[in-house]
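Structure data (TSV, C-alpha atoms) from input07.tsv:
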chain	number	residue	atom	x	y	z
O	1	MET	CA	224.33	-21.29	169.11
O	2	SER	CA	220.75	-22.52	169.50
O	3	GLU	CA	219.25	-24.80	166.88
O	4	ALA	CA	216.52	-22.21	166.26
O	5	LEU	CA	219.09	-19.48	165.56
O	6	GLN	CA	221.02	-21.71	163.18
O	7	SER	CA	217.74	-22.47	161.39
O	8	LEU	CA	217.07	-18.74	161.04
O	9	LEU	CA	220.58	-18.10	159.70
O	10	ASP	CA	220.06	-20.87	157.16
O	11	LEU	CA	216.78	-19.22	156.16
O	12	LEU	CA	218.55	-15.91	155.56
O	13	ASP	CA	221.35	-17.52	153.53
O	14	LEU	CA	219.73	-17.00	150.12
O	15	GLU	CA	220.45	-19.08	147.04
O	16	ARG	CA	222.03	-17.06	144.24
O	17	ILE	CA	220.30	-17.89	140.95
O	18	GLU	CA	221.93	-15.23	138.77
O	19	GLU	CA	224.27	-12.34	139.50
O	20	ASP	CA	221.49	-10.13	140.92
O	21	ILE	CA	218.70	-12.68	141.45
O	22	PHE	CA	218.30	-14.65	144.68
O	23	ARG	CA	215.84	-17.22	146.01
O	24	GLY	CA	214.65	-17.69	149.57
O	25	HIS	CA	212.18	-19.83	151.48
O	26	SER	CA	209.94	-19.23	154.49
O	27	ARG	CA	209.35	-20.48	158.01
O	28	SER	CA	206.28	-20.67	160.25
O	29	ALA	CA	204.87	-17.40	161.57
O	30	VAL	CA	202.28	-16.32	164.13
O	31	VAL	CA	199.86	-15.46	161.31
O	32	PRO	CA	199.16	-17.69	158.25
O	33	ARG	CA	201.34	-15.69	155.84
O	34	VAL	CA	205.03	-14.96	155.45
O	35	PHE	CA	206.34	-12.91	158.39
O	36	GLY	CA	207.11	-9.39	157.17
O	37	GLY	CA	210.37	-9.21	159.08
O	38	GLN	CA	211.58	-12.29	157.24
O	39	VAL	CA	210.90	-10.78	153.79
O	40	ALA	CA	212.55	-7.49	154.78
O	41	ALA	CA	215.61	-9.29	156.18
O	42	GLN	CA	215.97	-11.53	153.13
O	43	ALA	CA	215.63	-8.55	150.78
O	44	LEU	CA	218.37	-6.74	152.70
O	45	VAL	CA	220.58	-9.83	152.41
O	46	ALA	CA	220.01	-9.82	148.63
O	47	ALA	CA	220.88	-6.12	148.40
O	48	GLY	CA	223.92	-6.46	150.64
O	49	ARG	CA	225.39	-9.27	148.57
O	50	THR	CA	225.70	-6.92	145.59
O	51	VAL	CA	227.55	-4.22	147.57
O	52	PRO	CA	231.30	-3.95	148.38
O	53	ALA	CA	232.13	-5.26	151.87
O	54	ASP	CA	233.41	-1.87	153.05
O	55	ARG	CA	229.99	-0.25	152.55
O	56	HIS	CA	227.53	-0.79	155.37
O	57	ALA	CA	223.75	-0.39	155.35
O	58	HIS	CA	222.63	2.95	156.75
O	59	SER	CA	218.94	2.98	155.76
O	60	LEU	CA	216.12	1.02	154.20
O	61	HIS	CA	212.62	1.90	153.06
O	62	ALA	CA	210.13	-0.83	152.22
O	63	TYR	CA	206.53	-1.49	151.22
O	64	PHE	CA	204.57	-4.69	151.86
O	65	LEU	CA	202.50	-5.13	148.70
O	66	ARG	CA	200.80	-8.53	149.01
O	67	PRO	CA	200.64	-11.28	151.64
O	68	GLY	CA	203.42	-13.81	151.14
O	69	ASP	CA	202.68	-17.48	150.59
O	70	PRO	CA	204.75	-19.46	153.15
O	71	GLY	CA	204.57	-22.58	150.98
O	72	ALA	CA	206.26	-21.07	147.92
O	73	PRO	CA	209.80	-19.79	147.26
O	74	ILE	CA	210.41	-16.04	147.10
O	75	VAL	CA	212.56	-14.63	144.30
O	76	TYR	CA	214.48	-11.41	145.03
O	77	ASN	CA	215.46	-9.27	142.05
O	78	VAL	CA	218.11	-6.62	142.77
O	79	ASP	CA	218.52	-3.42	140.75
O	80	ARG	CA	221.85	-1.64	141.08
O	81	LEU	CA	220.55	1.93	141.11
O	82	ARG	CA	223.77	3.75	142.02
O	83	ASP	CA	227.39	3.11	142.89
O	84	GLY	CA	228.83	6.44	144.01
O	85	ARG	CA	232.11	7.36	145.68
O	86	SER	CA	230.56	7.18	149.17
O	87	PHE	CA	227.06	5.73	148.78
O	88	THR	CA	225.61	2.68	147.06
O	89	THR	CA	221.86	2.29	146.45
O	90	ARG	CA	219.95	-0.87	145.67
O	91	ARG	CA	216.31	-1.64	144.93
O	92	VAL	CA	214.93	-5.12	145.61
O	93	VAL	CA	211.59	-6.57	144.49
O	94	ALA	CA	210.39	-9.82	146.07
O	95	VAL	CA	208.23	-11.93	143.73
O	96	GLN	CA	205.93	-14.90	144.27
O	97	HIS	CA	203.63	-16.54	141.72
O	98	GLY	CA	204.68	-13.93	139.17
O	99	LYS	CA	203.62	-10.94	141.28
O	100	PRO	CA	205.58	-8.54	143.50
O	101	ILE	CA	204.83	-9.01	147.20
O	102	PHE	CA	207.43	-6.61	148.66
O	103	GLY	CA	209.67	-3.77	147.55
O	104	LEU	CA	212.74	-2.41	149.32
O	105	SER	CA	215.24	0.38	148.70
O	106	ALA	CA	218.44	0.26	150.73
O	107	SER	CA	221.43	2.59	150.91
O	108	PHE	CA	224.98	1.68	151.94
O	109	GLN	CA	227.86	3.99	152.85
O	110	THR	CA	231.60	3.83	153.38
O	111	TYR	CA	232.71	4.80	156.90
O	112	GLU	CA	233.49	8.46	157.50
O	113	GLU	CA	233.90	10.82	160.45
O	114	GLY	CA	231.28	13.51	161.06
O	115	LEU	CA	229.12	15.41	163.53
O	116	ASP	CA	227.82	13.21	166.33
O	117	HIS	CA	224.94	13.57	168.79
O	118	GLN	CA	222.02	11.41	169.88
O	119	ALA	CA	218.82	11.35	171.92
O	120	PRO	CA	219.49	9.94	175.40
O	121	MET	CA	218.51	6.38	176.22
O	122	PRO	CA	215.25	6.23	178.21
O	123	PRO	CA	215.06	4.49	181.60
O	124	ALA	CA	214.56	0.73	181.40
O	125	PRO	CA	215.10	-2.19	183.77
O	126	ASP	CA	218.03	-4.55	183.33
O	127	PRO	CA	216.96	-7.33	180.91
O	128	ALA	CA	218.34	-9.95	183.31
O	129	THR	CA	215.63	-8.98	185.82
O	130	LEU	CA	212.76	-9.54	183.35
O	131	PRO	CA	210.88	-12.79	182.70
O	132	THR	CA	211.79	-14.64	179.52
O	133	GLY	CA	209.38	-14.53	176.63
O	134	GLU	CA	208.40	-18.15	177.22
O	135	HIS	CA	207.75	-17.59	180.92
O	136	ARG	CA	205.60	-14.52	180.20
O	137	LEU	CA	203.62	-16.15	177.40
O	138	ARG	CA	202.85	-19.25	179.47
O	139	SER	CA	201.66	-17.08	182.36
O	140	TYR	CA	198.55	-15.86	180.49
O	141	PRO	CA	195.76	-18.42	180.98
O	142	HIS	CA	193.49	-16.71	178.43
O	143	LEU	CA	195.87	-17.46	175.54
O	144	PRO	CA	195.10	-20.75	173.75
O	145	ALA	CA	197.93	-23.26	173.98
O	146	GLU	CA	198.17	-23.37	170.19
O	147	THR	CA	198.70	-19.59	170.04
O	148	VAL	CA	201.41	-19.74	172.70
O	149	GLU	CA	203.26	-22.50	170.85
O	150	ARG	CA	203.07	-20.59	167.56
O	151	PHE	CA	204.54	-17.49	169.23
O	152	LEU	CA	207.31	-19.51	170.85
O	153	GLU	CA	208.20	-21.31	167.62
O	154	ALA	CA	208.21	-18.08	165.58
O	155	ARG	CA	210.45	-16.31	168.12
O	156	ALA	CA	212.66	-19.20	169.20
O	157	ALA	CA	215.80	-17.72	167.63
O	158	VAL	CA	215.48	-14.54	169.69
O	159	ASP	CA	215.52	-13.86	173.43
O	160	LEU	CA	212.81	-11.16	173.54
O	161	ARG	CA	211.74	-9.79	176.93
O	162	TYR	CA	208.89	-7.33	177.47
O	163	VAL	CA	209.37	-4.67	180.13
O	164	ASP	CA	205.59	-4.56	180.78
O	165	ASP	CA	202.70	-6.76	179.75
O	166	PRO	CA	202.33	-6.95	175.95
O	167	PRO	CA	198.94	-6.07	174.43
O	168	PHE	CA	197.81	-9.69	174.31
O	169	GLY	CA	198.70	-10.16	177.98
O	170	ASP	CA	196.71	-7.30	179.49
O	171	PHE	CA	193.97	-5.76	177.36
O	172	GLY	CA	190.52	-4.19	177.67
O	173	THR	CA	191.68	-0.87	179.13
O	174	PRO	CA	193.64	1.71	177.09
O	175	ARG	CA	197.21	2.30	178.24
O	176	GLU	CA	199.94	4.74	177.33
O	177	PRO	CA	200.94	4.03	173.70
O	178	HIS	CA	204.48	3.13	174.70
O	179	SER	CA	206.19	-0.26	174.80
O	180	GLN	CA	209.69	-1.48	175.59
O	181	VAL	CA	211.34	-4.81	174.87
O	182	TRP	CA	214.89	-6.04	175.20
O	183	PHE	CA	216.11	-8.49	172.57
O	184	ARG	CA	219.18	-10.40	171.41
O	185	THR	CA	219.73	-13.54	169.39
O	186	ASN	CA	219.82	-16.89	171.19
O	187	GLY	CA	223.48	-17.45	170.44
O	188	LYS	CA	226.63	-15.72	169.27
O	189	LEU	CA	227.02	-14.48	165.71
O	190	THR	CA	229.99	-13.89	163.44
O	191	ASP	CA	231.39	-10.37	163.11
O	192	ASP	CA	229.82	-9.71	159.69
O	193	PRO	CA	228.14	-6.25	160.08
O	194	LEU	CA	225.48	-7.08	157.46
O	195	LEU	CA	224.35	-10.11	159.49
O	196	HIS	CA	223.70	-7.99	162.60
O	197	VAL	CA	221.79	-5.38	160.59
O	198	VAL	CA	219.73	-8.11	158.90
O	199	LEU	CA	218.80	-9.77	162.20
O	200	ALA	CA	217.78	-6.45	163.76
O	201	THR	CA	215.60	-5.89	160.69
O	202	TYR	CA	214.01	-9.30	161.21
O	203	VAL	CA	213.19	-8.61	164.87
O	204	SER	CA	212.03	-5.02	164.27
O	205	ASP	CA	208.75	-6.21	162.72
O	206	MET	CA	207.76	-8.36	165.71
O	207	THR	CA	206.49	-5.76	168.18
O	208	LEU	CA	206.50	-2.28	166.59
O	209	LEU	CA	202.73	-1.93	166.29
O	210	ASP	CA	202.15	-3.06	169.90
O	211	SER	CA	201.97	0.56	171.03
O	212	VAL	CA	199.06	1.19	168.63
O	213	LEU	CA	197.12	-1.62	170.31
O	214	LEU	CA	197.96	-0.39	173.82
O	215	ALA	CA	196.42	3.01	173.11
O	216	HIS	CA	193.05	1.35	172.47
O	217	GLY	CA	193.13	-1.52	174.96
O	218	ARG	CA	193.30	-4.10	172.18
O	219	GLY	CA	195.03	-7.44	172.53
O	220	GLY	CA	195.86	-7.84	168.85
O	221	TRP	CA	195.99	-10.74	166.46
O	222	ALA	CA	196.80	-13.21	169.27
O	223	VAL	CA	193.33	-12.74	170.78
O	224	GLY	CA	191.46	-11.77	167.61
O	225	ASP	CA	190.16	-8.32	168.56
O	226	VAL	CA	191.95	-6.65	165.63
O	227	VAL	CA	193.10	-7.70	162.18
O	228	GLY	CA	196.04	-6.11	160.47
O	229	ALA	CA	199.25	-6.27	158.52
O	230	SER	CA	202.36	-4.19	157.93
O	231	LEU	CA	202.11	-1.61	155.15
O	232	ASP	CA	205.54	0.01	155.09
O	233	HIS	CA	208.73	-0.05	157.12
O	234	ALA	CA	211.72	2.25	157.36
O	235	MET	CA	214.97	1.91	159.32
O	236	TRP	CA	218.08	4.00	159.82
O	237	PHE	CA	221.28	2.40	161.14
O	238	HIS	CA	223.16	5.08	163.07
O	239	ARG	CA	225.97	3.30	164.89
O	240	PRO	CA	227.56	-0.15	164.95
O	241	PHE	CA	225.86	-2.75	167.16
O	242	ARG	CA	225.66	-6.48	167.69
O	243	ALA	CA	222.35	-8.32	167.44
O	244	ASP	CA	223.71	-11.00	169.80
O	245	GLU	CA	224.03	-8.44	172.61
O	246	TRP	CA	221.10	-6.84	174.44
O	247	LEU	CA	219.29	-4.09	172.53
O	248	LEU	CA	216.48	-1.95	173.97
O	249	TYR	CA	213.57	-1.45	171.56
O	250	ASP	CA	211.73	1.66	172.80
O	251	GLN	CA	208.46	2.00	170.85
O	252	GLU	CA	205.54	4.42	170.75
O	253	SER	CA	202.55	5.28	168.58
O	254	PRO	CA	201.91	8.95	167.78
O	255	SER	CA	198.80	8.31	165.66
O	256	ALA	CA	196.13	5.89	164.48
O	257	SER	CA	193.40	6.80	161.98
O	258	GLY	CA	191.71	5.59	158.82
O	259	GLY	CA	192.24	1.92	159.66
O	260	ARG	CA	195.99	2.47	159.99
O	261	GLY	CA	198.34	2.80	162.96
O	262	LEU	CA	201.82	4.30	163.11
O	263	GLY	CA	204.64	3.00	165.28
O	264	GLN	CA	208.00	4.68	165.75
O	265	ALA	CA	210.97	3.50	167.79
O	266	ARG	CA	214.58	3.85	168.77
O	267	ILE	CA	216.89	0.94	169.45
O	268	TYR	CA	219.73	1.38	171.95
O	269	THR	CA	222.69	-0.75	172.93
O	270	GLN	CA	222.84	-1.72	176.60
O	271	ASP	CA	225.53	0.91	177.21
O	272	GLY	CA	223.25	3.68	175.89
O	273	ARG	CA	224.30	4.23	172.28
O	274	LEU	CA	221.47	4.98	169.82
O	275	ALA	CA	221.95	2.29	167.18
O	276	LEU	CA	218.78	2.42	165.05
O	277	SER	CA	215.59	4.36	164.38
O	278	VAL	CA	212.50	2.58	163.03
O	279	ILE	CA	209.10	3.70	161.71
O	280	GLN	CA	206.30	1.45	160.53
O	281	GLU	CA	202.67	1.91	159.49
O	282	GLY	CA	200.24	-0.97	159.44
O	283	VAL	CA	196.61	-1.78	158.82
O	284	VAL	CA	194.88	-2.04	162.20
O	285	ARG	CA	191.16	-2.79	161.87
O	286	VAL	CA	188.52	-3.82	164.36
O	287	PRO	CA	186.68	-6.90	163.03
O	288	ARG	CA	183.15	-6.19	161.86
O	289	GLU	CA	180.35	-7.74	163.86
O	290	HIS	CA	177.83	-9.71	161.80
Starting from the coordinates I provided, produce the structure as structure tokens.
Amino acid sequence: MSEALQSLLDLLDLERIEEDIFRGHSRSAVVPRVFGGQVAAQALVAAGRTVPADRHAHSLHAYFLRPGDPGAPIVYNVDRLRDGRSFTTRRVVAVQHGKPIFGLSASFQTYEEGLDHQAPMPPAPDPATLPTGEHRLRSYPHLPAETVERFLEARAAVDLRYVDDPPFGDFGTPREPHSQVWFRTNGKLTDDPLLHVVLATYVSDMTLLDSVLLAHGRGGWAVGDVVGASLDHAMWFHRPFRADEWLLYDQESPSASGGRGLGQARIYTQDGRLALSVIQEGVVRVPREH
């Protein structure tokens, strides 16, 4: 296991203050606020630790309410909304400086047999044939060295490989609002199903709004031609998967308007099983010229 992955796992291992109250800390991010994927992942950890082990997360719905302060602890308060015969529901509110910064609802279910079908996996190249994230980032001379290092540090726990140039690599001309990345953790994980779901949640916030930027030829926050932040995030966990094995994140944007952009995606295992669906809306604004 890489040192960066162990550091991330330590970050997600929340301190239990009371039975349903947990405390977490933050790590560096590409932007000067707490990374949204980190807050979502930590909130899911808090919820999952109040649920029986035989009930696995099947969905989450979350709102980003305020920017998180990376220099202050985050307290996660869990409400036990329902404990049914098949489903368990939890609500989590993340608090900093006495104010809520994030809210999440998550549902967990016992395993059961049922109808089964899925959308087919789209074509994608083998991840082994693609350049590593570090190689691709260092190949763009227009990116400041400081920006490259911040990206690499923030993503060091994950092997994330773009199929095509990301928005910050090739911008200025609109492209199809569709993006694909392969990802897996930089090291093997235990078999705990919650851990794999939590790490997929963490990674899901890294690139989902890329397709919004592609549609308008924008490079994004890395080059400063847009400003933005996540507003809400929803995920559905369809089938078992491992976050330490290659997953294809197939992303597109059906709409942008009113200073907001919508990204939607499906995540497939390398053998073609649809593991997750993801939808996110974010603020995407063009900076005003003075």
Between atom CA of Phe22 of chain O and atom CA of Leu81 of chain O, what is the spacing in Å? 17.1 Å
Nearest residue to Ala234 of chain O from the set O:Val75, O:Ile17, O:Ala94, O:Leu104 (distances using all atoms listed in the file):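 Answer, going by the shortest atom-to-atom distance: O:Leu104.
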So how far away is atom CA of Gln38 of chain O from atom CA of Arg260 of chain O, in Å? 21.6 Å
Show me, as JSON, numbers by chain, the residues that have an atom within 12 Å of His216 of chain O when counting all atoms listed in the file, minus same-chain residues fewer than 6 positions from it. {"O": [167, 170, 171, 172, 173, 174, 175, 176, 177, 178, 209, 210, 225, 226, 253, 255, 256, 257, 261, 284, 285, 286]}
Please list as a list in words every residue within 6 Å of Asp250 of chain O, counting only C-alpha atoms and excluding residues in the same chain fewer than 4 positions away.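 So, after excluding close chain neighbours, the residues are Gln180, Ala265 and Arg266 of chain O.
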For atom CA of Gln280 of chain O and atom CA of Gly219 of chain O, determine how far apart the two atoms are, in Å to one decimal place.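 Separation between atom CA of Gln280 of chain O and atom CA of Gly219 of chain O: 18.7 Å.
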Pick out the closest residue to Leu194 of chain O from this set: O:Val227, O:Leu247, O:Ala47, O:Ala72. Count only C-alpha atoms.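 So, comparing all the options, the nearest one is O:Ala47.
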Take segment 130-152 of chain O, model N, CA, C and O atoms, and hand the result over as a tab-separated table (two decimals), keeping the file's coordinate frame.
chain	number	residue	atom	x	y	z
O	130	LEU	N	214.08	-9.37	183.97
O	130	LEU	CA	212.76	-9.54	183.35
O	130	LEU	C	212.48	-11.01	183.04
O	130	LEU	O	213.41	-11.78	182.77
O	131	PRO	N	211.21	-11.40	183.06
O	131	PRO	CA	210.88	-12.79	182.70
O	131	PRO	C	211.18	-13.05	181.23
O	131	PRO	O	211.08	-12.15	180.39
O	132	THR	N	211.57	-14.27	180.91
O	132	THR	CA	211.79	-14.64	179.52
O	132	THR	C	210.47	-14.58	178.75
O	132	THR	O	209.38	-14.59	179.34
O	133	GLY	N	210.59	-14.54	177.44
O	133	GLY	CA	209.38	-14.53	176.63
O	133	GLY	C	208.52	-15.76	176.86
O	133	GLY	O	207.29	-15.67	176.94
O	134	GLU	N	209.16	-16.92	176.99
O	134	GLU	CA	208.40	-18.15	177.22
O	134	GLU	C	207.68	-18.10	178.57
O	134	GLU	O	206.49	-18.45	178.65
O	135	HIS	N	208.37	-17.65	179.60
O	135	HIS	CA	207.75	-17.59	180.92
O	135	HIS	C	206.54	-16.64	180.89
O	135	HIS	O	205.48	-16.94	181.44
O	136	ARG	N	206.70	-15.49	180.23
O	136	ARG	CA	205.60	-14.52	180.20
O	136	ARG	C	204.41	-15.06	179.40
O	136	ARG	O	203.26	-14.96	179.81
O	137	LEU	N	204.71	-15.64	178.24
O	137	LEU	CA	203.62	-16.15	177.40
O	137	LEU	C	202.83	-17.25	178.12
O	137	LEU	O	201.60	-17.29	178.05
O	138	ARG	N	203.54	-18.14	178.80
O	138	ARG	CA	202.85	-19.25	179.47
O	138	ARG	C	202.12	-18.81	180.73
O	138	ARG	O	201.36	-19.60	181.31
O	139	SER	N	202.33	-17.56	181.14
O	139	SER	CA	201.66	-17.08	182.36
O	139	SER	C	200.28	-16.50	182.09
O	139	SER	O	199.57	-16.13	183.03
O	140	TYR	N	199.85	-16.43	180.82
O	140	TYR	CA	198.55	-15.86	180.49
O	140	TYR	C	197.56	-16.98	180.20
O	140	TYR	O	197.57	-17.58	179.11
O	141	PRO	N	196.67	-17.29	181.16
O	141	PRO	CA	195.76	-18.42	180.98
O	141	PRO	C	194.74	-18.22	179.86
O	141	PRO	O	194.16	-19.19	179.37
O	142	HIS	N	194.49	-16.96	179.46
O	142	HIS	CA	193.49	-16.71	178.43
O	142	HIS	C	194.00	-17.00	177.03
O	142	HIS	O	193.21	-17.08	176.08
O	143	LEU	N	195.32	-17.17	176.86
O	143	LEU	CA	195.87	-17.46	175.54
O	143	LEU	C	195.75	-18.96	175.24
O	143	LEU	O	196.20	-19.78	176.05
O	144	PRO	N	195.17	-19.34	174.11
O	144	PRO	CA	195.10	-20.75	173.75
O	144	PRO	C	196.50	-21.35	173.64
O	144	PRO	O	197.45	-20.68	173.21
O	145	ALA	N	196.63	-22.60	174.02
O	145	ALA	CA	197.93	-23.26	173.98
O	145	ALA	C	198.52	-23.24	172.59
O	145	ALA	O	199.74	-23.06	172.41
O	146	GLU	N	197.68	-23.38	171.57
O	146	GLU	CA	198.17	-23.37	170.19
O	146	GLU	C	198.80	-22.02	169.85
O	146	GLU	O	199.84	-21.95	169.18
O	147	THR	N	198.17	-20.92	170.30
O	147	THR	CA	198.70	-19.59	170.04
O	147	THR	C	200.05	-19.40	170.72
O	147	THR	O	201.00	-18.86	170.13
O	148	VAL	N	200.15	-19.85	171.97
O	148	VAL	CA	201.41	-19.74	172.70
O	148	VAL	C	202.51	-20.49	171.97
O	148	VAL	O	203.63	-19.97	171.78
O	149	GLU	N	202.24	-21.70	171.52
O	149	GLU	CA	203.26	-22.50	170.85
O	149	GLU	C	203.67	-21.86	169.53
O	149	GLU	O	204.85	-21.91	169.15
O	150	ARG	N	202.73	-21.26	168.81
O	150	ARG	CA	203.07	-20.59	167.56
O	150	ARG	C	203.97	-19.39	167.81
O	150	ARG	O	204.93	-19.15	167.09
O	151	PHE	N	203.68	-18.61	168.86
O	151	PHE	CA	204.54	-17.49	169.23
O	151	PHE	C	205.94	-17.98	169.57
O	151	PHE	O	206.95	-17.43	169.09
O	152	LEU	N	206.02	-19.02	170.40
O	152	LEU	CA	207.31	-19.51	170.85
O	152	LEU	C	208.13	-20.06	169.69
O	152	LEU	O	209.35	-19.85	169.62
